>>> print(open('coords_19.tsv').read())   # TSV, C-alpha atoms
chain	number	residue	atom	x	y	z
A	1	MET	CA	78.79	102.67	132.18
A	2	LYS	CA	77.95	106.35	131.67
A	3	LEU	CA	74.84	107.03	129.58
A	4	ARG	CA	73.68	110.39	128.29
A	5	TYR	CA	69.95	111.11	128.26
A	6	GLU	CA	67.40	113.70	127.19
A	7	GLY	CA	63.85	114.12	128.46
A	8	PHE	CA	61.38	116.22	130.46
A	9	ASP	CA	60.94	116.75	134.18
A	10	SER	CA	57.62	116.66	136.04
A	11	SER	CA	56.92	120.31	135.17
A	12	GLY	CA	57.47	119.70	131.45
A	13	LYS	CA	60.86	121.43	131.32
A	14	PRO	CA	63.44	119.85	128.95
A	15	VAL	CA	66.36	118.27	130.77
A	16	GLN	CA	69.50	116.44	129.73
A	17	GLY	CA	72.47	114.92	131.49
A	18	SER	CA	74.32	111.70	132.15
A	19	ILE	CA	73.85	108.81	134.53
A	20	ASP	CA	75.86	105.75	135.53
A	21	ALA	CA	73.90	102.55	134.93
A	22	PRO	CA	74.65	99.02	133.75
A	23	ASP	CA	72.25	99.34	130.81
A	24	THR	CA	69.65	101.64	129.27
A	25	ARG	CA	66.69	99.88	130.91
A	26	ASP	CA	68.10	100.37	134.40
A	27	ALA	CA	68.91	103.98	133.54
A	28	GLY	CA	65.33	104.55	132.40
A	29	GLU	CA	63.94	103.06	135.62
A	30	ARG	CA	66.17	105.27	137.78
A	31	LEU	CA	65.26	108.40	135.84
A	32	ARG	CA	61.54	107.61	136.02
A	33	ARG	CA	61.82	107.30	139.80
A	34	GLN	CA	63.36	110.78	139.75
A	35	GLY	CA	60.36	112.12	137.84
A	36	ILE	CA	62.11	112.38	134.48
A	37	PHE	CA	60.43	111.14	131.31
A	38	VAL	CA	63.24	109.95	129.03
A	39	THR	CA	62.94	110.59	125.28
A	40	SER	CA	66.37	109.44	124.07
A	41	VAL	CA	69.66	107.95	125.18
A	42	SER	CA	72.60	109.15	123.11
A	43	VAL	CA	74.88	106.10	123.19
A	44	GLU	CA	75.83	103.83	120.35
A	45	GLN	CA	75.12	100.64	122.29
A	46	ALA	CA	71.50	101.56	122.79
A	47	LYS	CA	71.04	102.34	119.11
A	48	SER	CA	72.57	99.04	118.09
A	49	ALA	CA	70.36	97.17	120.50
A	50	THR	CA	67.29	98.94	119.16
A	51	HIS	CA	68.30	98.22	115.57
A	52	THR	CA	68.84	94.54	116.38
A	53	ALA	CA	65.48	94.30	118.11
A	54	ARG	CA	63.77	95.90	115.13
A	55	GLY	CA	65.45	93.38	112.84
A	56	ARG	CA	64.02	90.59	114.94
A	57	ARG	CA	60.62	92.25	114.85
A	58	THR	CA	60.48	92.22	111.05
A	59	ARG	CA	61.02	88.47	111.09
A	60	ALA	CA	58.22	87.82	113.60
A	61	LYS	CA	55.66	85.35	112.34
A	62	ALA	CA	51.89	85.61	112.58
A	63	PRO	CA	51.25	82.61	114.90
A	64	ARG	CA	53.84	83.93	117.35
A	65	ARG	CA	52.34	87.43	117.10
A	66	LEU	CA	48.86	86.16	117.93
A	67	GLN	CA	50.17	84.25	120.93
A	68	ASN	CA	52.04	87.32	122.19
A	69	VAL	CA	48.98	89.54	121.72
A	70	SER	CA	46.88	87.08	123.73
A	71	MET	CA	49.41	87.01	126.58
A	72	PHE	CA	49.95	90.77	126.47
A	73	THR	CA	46.25	91.69	126.60
A	74	ARG	CA	45.44	89.14	129.30
A	75	GLN	CA	48.24	90.28	131.61
A	76	LEU	CA	47.58	93.96	130.95
A	77	SER	CA	43.87	93.50	131.70
A	78	MET	CA	44.69	91.91	135.06
A	79	LEU	CA	47.08	94.72	136.00
A	80	CYS	CA	44.66	97.46	134.93
A	81	SER	CA	41.77	95.75	136.74
A	82	ALA	CA	43.88	95.84	139.92
A	83	GLY	CA	44.26	99.62	139.58
A	84	THR	CA	47.82	99.66	138.25
A	85	PRO	CA	48.55	102.79	136.16
A	86	ILE	CA	48.95	101.97	132.49
A	87	THR	CA	52.58	103.11	132.35
A	88	GLN	CA	53.56	100.96	135.33
A	89	ALA	CA	51.67	98.00	133.89
A	90	LEU	CA	53.49	98.34	130.58
A	91	ALA	CA	56.82	98.63	132.37
A	92	ALA	CA	56.08	95.43	134.30
A	93	LEU	CA	55.19	93.59	131.09
A	94	GLU	CA	58.33	94.94	129.42
A	95	ARG	CA	60.52	93.55	132.20
A	96	GLN	CA	59.02	90.08	132.16
A	97	THR	CA	58.72	89.61	128.37
A	98	LYS	CA	61.36	87.21	127.05
A	99	ASP	CA	60.82	87.87	123.35
A	100	ALA	CA	63.29	90.65	122.45
A	101	SER	CA	61.11	91.98	119.63
A	102	TRP	CA	58.04	92.27	121.83
A	103	ARG	CA	60.04	93.72	124.72
A	104	GLU	CA	61.30	96.47	122.43
A	105	ALA	CA	57.79	97.09	121.10
A	106	ILE	CA	56.28	97.33	124.59
A	107	GLY	CA	59.07	99.69	125.61
A	108	ALA	CA	58.37	101.94	122.63
A	109	ILE	CA	54.62	101.93	123.42
A	110	ARG	CA	55.29	102.75	127.06
A	111	GLY	CA	57.48	105.66	126.00
A	112	ARG	CA	54.74	107.13	123.81
A	113	VAL	CA	52.12	106.68	126.55
A	114	GLU	CA	54.42	108.52	128.97
A	115	GLU	CA	54.60	111.34	126.42
A	116	GLY	CA	50.82	111.68	126.57
A	117	ALA	CA	49.55	109.42	123.78
A	118	SER	CA	46.71	106.99	124.36
A	119	LEU	CA	47.44	103.27	124.30
A	120	ALA	CA	45.74	102.83	120.92
A	121	GLN	CA	47.69	105.76	119.46
A	122	ALA	CA	50.94	104.38	120.83
A	123	MET	CA	50.24	101.02	119.21
A	124	GLU	CA	49.96	102.66	115.79
A	125	SER	CA	53.76	102.86	115.71
A	126	ARG	CA	53.95	99.05	115.91
A	127	PRO	CA	51.52	97.74	113.23
A	128	ALA	CA	53.58	94.54	112.88
A	129	HIS	CA	52.69	93.65	116.47
A	130	PHE	CA	49.21	95.17	116.89
A	131	ASP	CA	46.86	95.03	113.91
A	132	ASN	CA	43.94	97.32	113.12
A	133	VAL	CA	41.42	95.17	114.99
A	134	THR	CA	43.50	95.22	118.18
A	135	ARG	CA	44.00	98.98	118.02
A	136	SER	CA	40.33	99.63	117.27
A	137	LEU	CA	39.11	97.56	120.20
A	138	ILE	CA	41.58	99.14	122.60
A	139	GLY	CA	40.66	102.61	121.33
A	140	ALA	CA	36.98	101.82	121.91
A	141	GLY	CA	37.76	100.60	125.42
A	142	GLU	CA	39.69	103.77	126.23
A	143	ALA	CA	36.95	106.00	124.81
A	144	GLY	CA	34.27	104.22	126.86
A	145	GLY	CA	36.32	104.00	130.05
A	146	GLN	CA	36.27	100.19	129.89
A	147	LEU	CA	39.85	99.38	128.96
A	148	PRO	CA	40.27	96.38	131.34
A	149	ALA	CA	37.03	94.77	130.09
A	150	MET	CA	38.01	95.39	126.47
A	151	LEU	CA	41.46	93.90	127.06
A	152	GLN	CA	39.82	90.79	128.53
A	153	ARG	CA	37.53	90.53	125.49
A	154	LEU	CA	40.51	90.94	123.16
A	155	ALA	CA	42.46	88.29	125.06
A	156	ALA	CA	39.53	85.88	124.77
A	157	LEU	CA	39.28	86.60	121.03
A	158	SER	CA	43.00	85.91	120.54
A	159	ARG	CA	42.84	82.69	122.55
A	160	GLN	CA	39.88	81.47	120.50
A	161	GLN	CA	41.71	82.21	117.25
A	162	LEU	CA	44.73	80.31	118.56
A	163	HIS	CA	42.53	77.38	119.55
A	164	VAL	CA	40.97	77.18	116.09
A	165	ARG	CA	44.39	77.42	114.44
A	166	HIS	CA	45.83	74.67	116.64
A	167	THR	CA	42.80	72.48	115.94
A	168	VAL	CA	43.24	72.86	112.17
A	169	LEU	CA	47.00	72.31	112.34
A	170	GLY	CA	46.53	69.30	114.60
A	171	ALA	CA	44.13	67.74	112.11
A	172	LEU	CA	46.60	68.28	109.25
A	173	THR	CA	49.86	67.36	110.99
A	174	TYR	CA	49.61	63.57	111.02
A	175	PRO	CA	48.37	63.20	107.42
A	176	SER	CA	51.14	65.56	106.26
A	177	VAL	CA	53.77	63.51	108.07
A	178	LEU	CA	52.46	60.33	106.49
A	179	LEU	CA	52.59	61.88	103.01
A	180	VAL	CA	56.19	63.03	103.54
A	181	ILE	CA	57.16	59.55	104.73
A	182	ALA	CA	55.48	57.96	101.72
A	183	VAL	CA	57.33	60.20	99.25
A	184	ASN	CA	60.66	59.60	100.99
A	185	VAL	CA	60.17	55.83	101.06
A	186	ILE	CA	59.39	55.71	97.34
A	187	VAL	CA	62.35	57.93	96.43
A	188	LEU	CA	64.77	55.90	98.57
A	189	MET	CA	63.57	52.65	97.03
A	190	LEU	CA	63.97	54.03	93.51
A	191	ILE	CA	67.45	55.42	94.15
A	192	PHE	CA	69.06	52.87	96.48
A	193	VAL	CA	67.05	49.62	96.53
A	194	LEU	CA	66.07	49.01	92.92
A	195	PRO	CA	69.62	49.45	91.51
A	196	ARG	CA	70.76	46.51	93.65
A	197	PHE	CA	68.33	44.30	91.78
A	198	ALA	CA	69.35	45.54	88.31
A	199	ASP	CA	72.29	43.14	87.80
A	200	MET	CA	70.28	40.21	89.09
A	201	PHE	CA	67.42	41.01	86.70
A	202	ASP	CA	69.88	41.27	83.81
A	203	SER	CA	71.31	37.82	84.65
A	204	LEU	CA	67.86	36.28	84.41
A	205	ASP	CA	67.86	36.89	80.67
A	206	ALA	CA	64.09	36.94	80.70
A	207	PRO	CA	61.54	39.64	79.95
A	208	LEU	CA	60.60	41.67	83.01
A	209	PRO	CA	56.99	42.27	84.04
A	210	PRO	CA	55.68	45.65	82.86
A	211	THR	CA	55.53	47.11	86.36
A	212	THR	CA	59.10	46.02	87.13
A	213	ALA	CA	60.37	47.42	83.82
A	214	MET	CA	58.61	50.73	84.51
A	215	LEU	CA	60.14	51.07	87.97
A	216	MET	CA	63.60	50.12	86.70
A	217	ALA	CA	63.36	52.73	83.93
A	218	ALA	CA	62.26	55.37	86.46
A	219	SER	CA	65.14	54.44	88.77
A	220	GLU	CA	67.67	54.61	85.95
A	221	PHE	CA	66.36	57.98	84.77
A	222	ILE	CA	66.54	59.51	88.24
A	223	ARG	CA	70.07	58.24	88.88
A	224	SER	CA	71.46	59.21	85.48
A	225	GLN	CA	69.66	62.55	85.11
A	226	TRP	CA	69.57	63.65	88.74
A	227	PRO	CA	70.96	67.17	88.06
A	228	TRP	CA	68.09	67.83	85.67
A	229	VAL	CA	65.59	66.24	88.03
A	230	VAL	CA	66.77	68.34	90.98
A	231	GLY	CA	66.88	71.46	88.80
A	232	GLY	CA	63.37	70.79	87.55
A	233	ILE	CA	62.07	70.35	91.09
A	234	VAL	CA	63.75	73.58	92.23
A	235	ALA	CA	62.46	75.50	89.20
A	236	ALA	CA	58.95	74.14	89.70
A	237	THR	CA	59.04	75.06	93.39
A	238	ILE	CA	60.17	78.61	92.63
A	239	GLY	CA	57.52	78.92	89.95
A	240	VAL	CA	54.77	77.69	92.27
A	241	ILE	CA	55.87	80.07	95.04
A	242	ALA	CA	55.95	83.01	92.63
A	243	PHE	CA	52.50	82.08	91.32
A	244	LEU	CA	51.07	81.78	94.83
A	245	LYS	CA	52.40	85.22	95.73
A	246	SER	CA	50.74	86.81	92.70
A	247	SER	CA	47.17	88.09	92.83
A	248	ALA	CA	46.07	85.43	90.32
A	249	GLY	CA	47.69	82.70	92.39
A	250	LYS	CA	46.09	83.90	95.63
A	251	THR	CA	42.71	84.03	93.94
A	252	ALA	CA	43.17	80.52	92.55
A	253	ILE	CA	44.19	79.10	95.93
A	254	ASP	CA	41.39	80.90	97.77
A	255	THR	CA	38.92	79.52	95.23
A	256	ALA	CA	40.31	76.00	95.44
A	257	ILE	CA	40.22	75.73	99.23
A	258	ILE	CA	36.58	76.83	99.51
A	259	ARG	CA	35.35	74.80	96.51
A	260	ALA	CA	37.17	71.53	97.14
A	261	PRO	CA	34.86	68.57	97.87
A	262	ARG	CA	34.20	68.16	101.58
A	263	VAL	CA	37.22	70.25	102.56
A	264	GLY	CA	35.67	73.34	100.98
A	265	VAL	CA	32.60	73.16	103.22
A	266	ILE	CA	34.77	72.87	106.32
A	267	THR	CA	36.98	75.76	105.19
A	268	ARG	CA	33.99	78.00	104.57
A	269	ASN	CA	32.56	77.16	107.98
A	270	VAL	CA	35.85	77.90	109.75
A	271	LEU	CA	36.26	81.24	107.95
A	272	THR	CA	32.61	82.11	108.61
A	273	ALA	CA	32.92	81.37	112.33
A	274	ARG	CA	36.02	83.55	112.60
A	275	MET	CA	34.38	86.37	110.64
A	276	ILE	CA	31.15	86.53	112.64
A	277	ARG	CA	32.99	86.20	115.97
A	278	LEU	CA	35.24	89.11	115.09
A	279	MET	CA	32.34	91.20	113.85
A	280	GLY	CA	30.33	90.37	116.95
A	281	VAL	CA	33.16	91.52	119.23
A	282	LEU	CA	33.60	94.74	117.24
A	283	VAL	CA	29.87	95.53	117.28
A	284	GLU	CA	29.68	94.79	121.01
A	285	ALA	CA	32.53	97.28	121.49
A	286	ARG	CA	30.29	100.00	119.99
A	287	ILE	CA	32.39	100.30	116.86
A	288	PRO	CA	30.26	101.56	113.93
A	289	LEU	CA	28.96	98.72	111.79
A	290	VAL	CA	30.59	99.95	108.57
A	291	GLU	CA	33.97	100.25	110.30
A	292	ALA	CA	33.50	96.80	111.88
A	293	ILE	CA	32.77	95.28	108.48
A	294	ASP	CA	35.85	96.94	106.97
A	295	LEU	CA	38.04	95.64	109.80
A	296	CYS	CA	36.67	92.13	109.29
A	297	ARG	CA	37.34	92.43	105.57
A	298	ALA	CA	40.98	93.29	106.23
A	299	ALA	CA	41.30	90.18	108.42
A	300	ALA	CA	39.17	87.85	106.26
A	301	GLY	CA	42.09	85.86	104.81
A	302	ASN	CA	40.18	84.88	101.65
A	303	ILE	CA	39.48	86.98	98.57
A	304	HIS	CA	35.90	85.71	98.24
A	305	PHE	CA	35.05	86.62	101.84
A	306	GLU	CA	36.70	90.01	101.30
A	307	ASN	CA	34.46	90.65	98.30
A	308	LEU	CA	31.41	89.51	100.26
A	309	LEU	CA	32.20	91.91	103.11
A	310	MET	CA	32.89	94.70	100.64
A	311	ARG	CA	29.39	94.26	99.23
A	312	ALA	CA	27.99	94.20	102.78
A	313	SER	CA	29.82	97.44	103.60
A	314	ASP	CA	28.41	99.11	100.49
A	315	ALA	CA	24.91	97.91	101.39
A	316	VAL	CA	25.09	99.24	104.95
A	317	THR	CA	26.49	102.56	103.69
A	318	LYS	CA	23.45	102.87	101.40
A	319	GLY	CA	21.11	102.06	104.30
A	320	GLU	CA	20.30	98.56	103.09
A	321	SER	CA	20.24	95.34	105.09
A	322	MET	CA	23.57	93.64	105.77
A	323	SER	CA	21.97	90.22	105.97
A	324	GLU	CA	20.63	90.47	102.44
A	325	SER	CA	24.09	91.12	100.99
A	326	LEU	CA	25.63	88.35	103.11
A	327	ALA	CA	23.04	85.89	101.80
A	328	GLU	CA	24.19	86.42	98.21
A	329	GLY	CA	26.03	83.37	96.89
A	330	ASP	CA	26.74	80.26	98.92
A	331	LEU	CA	29.69	81.30	101.11
A	332	LEU	CA	27.69	81.56	104.32
A	333	PRO	CA	25.37	78.84	105.61
A	334	PRO	CA	21.67	79.78	105.54
A	335	ASN	CA	21.37	79.59	109.33
A	336	VAL	CA	24.07	82.26	109.72
A	337	CYS	CA	22.30	84.61	107.33
A	338	GLU	CA	19.00	84.01	109.14
A	339	ALA	CA	20.64	84.67	112.51
A	340	VAL	CA	22.10	87.96	111.24
A	341	ARG	CA	18.68	88.94	109.87
A	342	ASN	CA	17.08	88.27	113.25
A	343	GLY	CA	19.86	90.21	114.98
A	344	GLU	CA	19.22	93.20	112.74
A	345	ALA	CA	15.50	93.04	113.46
A	346	SER	CA	16.01	92.87	117.24
A	347	GLY	CA	18.97	95.25	117.40
A	348	GLN	CA	21.16	92.51	118.91
A	349	ILE	CA	23.60	91.81	116.08
A	350	GLY	CA	26.61	91.48	118.39
A	351	PRO	CA	25.22	88.87	120.82
A	352	VAL	CA	23.61	86.90	117.99
A	353	MET	CA	26.88	86.72	116.06
A	354	LEU	CA	28.88	85.71	119.12
A	355	GLY	CA	26.38	82.97	119.95
A	356	MET	CA	26.41	81.65	116.39
A	357	ALA	CA	30.23	81.73	116.38
A	358	GLU	CA	30.35	79.59	119.55
A	359	PHE	CA	28.01	77.06	117.97
A	360	MET	CA	29.95	76.94	114.70
A	361	ASP	CA	33.33	76.61	116.45
A	362	GLU	CA	32.13	73.60	118.42
A	363	ASP	CA	30.65	72.03	115.30
A	364	ASN	CA	33.79	72.73	113.27
A	365	GLU	CA	36.04	71.16	115.90
A	366	VAL	CA	33.99	67.96	115.89
A	367	THR	CA	34.01	67.87	112.09
A	368	LEU	CA	37.77	68.42	111.89
A	369	ARG	CA	38.47	65.64	114.36
A	370	ALA	CA	36.16	63.26	112.51
A	371	LEU	CA	37.75	64.13	109.17
A	372	SER	CA	41.21	63.62	110.62
A	373	SER	CA	40.25	60.22	111.99
A	374	ILE	CA	39.05	59.22	108.49
A	375	ILE	CA	42.02	60.63	106.58
A	376	GLU	CA	44.66	58.92	108.71
A	377	PRO	CA	43.69	55.29	107.93
A	378	VAL	CA	43.07	56.18	104.28
A	379	ILE	CA	46.61	57.56	103.95
A	380	LEU	CA	48.00	54.52	105.74
A	381	VAL	CA	46.21	52.22	103.31
A	382	VAL	CA	47.44	54.22	100.32
A	383	LEU	CA	50.98	54.26	101.70
A	384	GLY	CA	50.88	50.51	102.23
A	385	ALA	CA	49.51	49.94	98.74
A	386	VAL	CA	52.25	52.04	97.11
A	387	VAL	CA	55.06	50.39	99.05
A	388	GLY	CA	53.51	46.99	98.41
A	389	PHE	CA	53.29	47.73	94.69
A	390	VAL	CA	56.99	48.64	94.56
A	391	ALA	CA	58.01	45.61	96.60
A	392	LEU	CA	55.85	43.24	94.55
A	393	SER	CA	57.23	44.66	91.31
A	394	MET	CA	60.76	43.93	92.51
A	395	PHE	CA	60.05	40.37	93.49
A	396	LEU	CA	57.81	39.35	90.59
A	397	PRO	CA	60.81	38.31	88.38
A	398	LEU	CA	62.10	36.16	91.23
A	399	PHE	CA	58.73	34.47	91.53
A	400	ASP	CA	58.81	33.76	87.78
A	401	LEU	CA	62.34	32.35	88.03
A	402	THR	CA	61.28	30.09	90.89
A	403	ALA	CA	58.32	28.84	88.88
A	404	MET	CA	60.59	28.11	85.89
A	405	THR	CA	62.98	26.00	87.98
A	406	GLN	CA	60.23	23.79	89.43
A	407	PRO	CA	59.69	20.34	87.79
A	408	GLY	CA	56.98	20.64	85.21
A	409	GLY	CA	57.20	24.43	85.34
A	410	PRO	CA	57.02	26.57	82.25
A	411	LYS	CA	60.09	26.50	80.00
>>> encode(input="coords_19.tsv", output="structure tokens")
Amino acid sequence: MKLRYEGFDSSGKPVQGSIDAPDTRDAGERLRRQGIFVTSVSVEQAKSATHTARGRRTRAKAPRRLQNVSMFTRQLSMLCSAGTPITQALAALERQTKDASWREAIGAIRGRVEEGASLAQAMESRPAHFDNVTRSLIGAGEAGGQLPAMLQRLAALSRQQLHVRHTVLGALTYPSVLLVIAVNVIVLMLIFVLPRFADMFDSLDAPLPPTTAMLMAASEFIRSQWPWVVGGIVAATIGVIAFLKSSAGKTAIDTAIIRAPRVGVITRNVLTARMIRLMGVLVEARIPLVEAIDLCRAAAGNIHFENLLMRASDAVTKGESMSESLAEGDLLPPNVCEAVRNGEASGQIGPVMLGMAEFMDEDNEVTLRALSSIIEPVILVVLGAVVGFVALSMFLPLFDLTAMTQPGGPK
């Protein structure tokens, strides 16, 4: 089909015209080989495709974004290390990316780089794909002439974050599945199994055990008032979601997850390891300490850690020690605060933080696996006890009837 384009030639002179190509990507490749930097393609199909891609981009989720950033930075670092010009490397990544949202984002970044912007500046137009930390590290790499090394460091940071996330999710998956099964089993028994015993219990003409009577009453209530029950569940769910999205709800959840028995300690350690690893990478990239602290605060993920880093930023701005402000409260383990203090004294904050993060990540992974191995049998025992309680409550009247029919049994 015929596509109309606008752009600049190799001398910087504006040009426009038309070209026959199967799609806009192929047209762009042909024009680039002719020395033309394309700025726009004035066809409706291209605009619709861009609009659709942007719609997909807005629905991109954080785990997928982190995985794409890791793959993008690793592949770009390899291409740049091999001497490939940045525009050609971006074009290669654009061609091989399967995710439509990321392909559109890479294409937009490549276009801005071809117009003369730096890679970090080009990424500013895609904040949904590249966060402040990513842009800051890449900007530092470009300023220091070490872009391939910085891309490798960023790829390693993304992979480590993915590994921690998968470890946590893996530890929670099986217990969550067991809880869902337990709830479903109890609901199915109350709705479908217990009603089949109702007529038989009525024919016994004998008082039911308290547990059986309680379960029968619950079953009857659910079956007769199910619209109200479903409406109450939906209303409660909407209310909980609205509360969690509010500032008070976020504060309450953040407080609960770091103060819960046992789980709170693990959560604090995981958040601490992520924070000091990120800060160590930023400091190693020669990013000013105050800016590094502010970037870590934006990526903290917990209101209490954000407040802690805010106090640390204020302390550093005033010329005070960062370690002293981090030691306030009980969010960070004492060994982390001591390591930061030693790093400040020796001028090696970055390496010290990265080493402590490695140690904490290994320790956290062992703790999570051990906790998961303990939770799984506990949930199985609880699930068995609940199902056994329901089953025993159903059969207790039958046991009583059998005892009454035996010679010499109670009358």
>>> atom_distance(input="coords_19.tsv", atom1="CA of Met216 in chain A", atom2="CA of Leu383 in chain A")
20.0 Å
>>> closest_residue(input="coords_19.tsv", among="A:Met356, A:Ala120, A:Leu3, A:Leu172", to="Asp20 in chain A", atoms="only C-alpha atoms")
A:Leu3
>>> closest_residue(input="coords_19.tsv", among="A:Ser118, A:Ser136, A:Gln225, A:Ser158", to="Arg277 in chain A", atoms="all atoms listed in the file")
A:Ser158
>>> residues_around(input="coords_19.tsv", residues="range 305-322 of chain A", least_positions_apart="6", cutoff="12 Å", atoms="only C-alpha atoms", output="count of residues only")
42
>>> closest_residue(input="coords_19.tsv", among="A:Thr211, A:Asp361, A:Phe197, A:Gly232", to="Val390 in chain A", atoms="all atoms listed in the file")
A:Thr211
>>> atom_distance(input="coords_19.tsv", atom1="CA of His166 in chain A", atom2="CA of Arg64 in chain A")
12.3 Å
>>> residues_near_point(input="coords_19.tsv", point="(37.5, 102.2, 127.1)", cutoff="12 Å", atoms="all atoms listed in the file", output="PyMOL selection string")
chain A and resi 77+80+118-120+135-153+285-287
>>> atom_distance(input="coords_19.tsv", atom1="CA of Ile222 in chain A", atom2="CA of Pro397 in chain A")
22.0 Å
>>> axis_aligned_box(input="coords_19.tsv", around="range 283-302 of chain A", padding_each_side="8 Å", output="JSON")
{"center_x": 35.5, "center_y": 93.2, "center_z": 111.6, "size_x": 29.1, "size_y": 32.7, "size_z": 35.8}
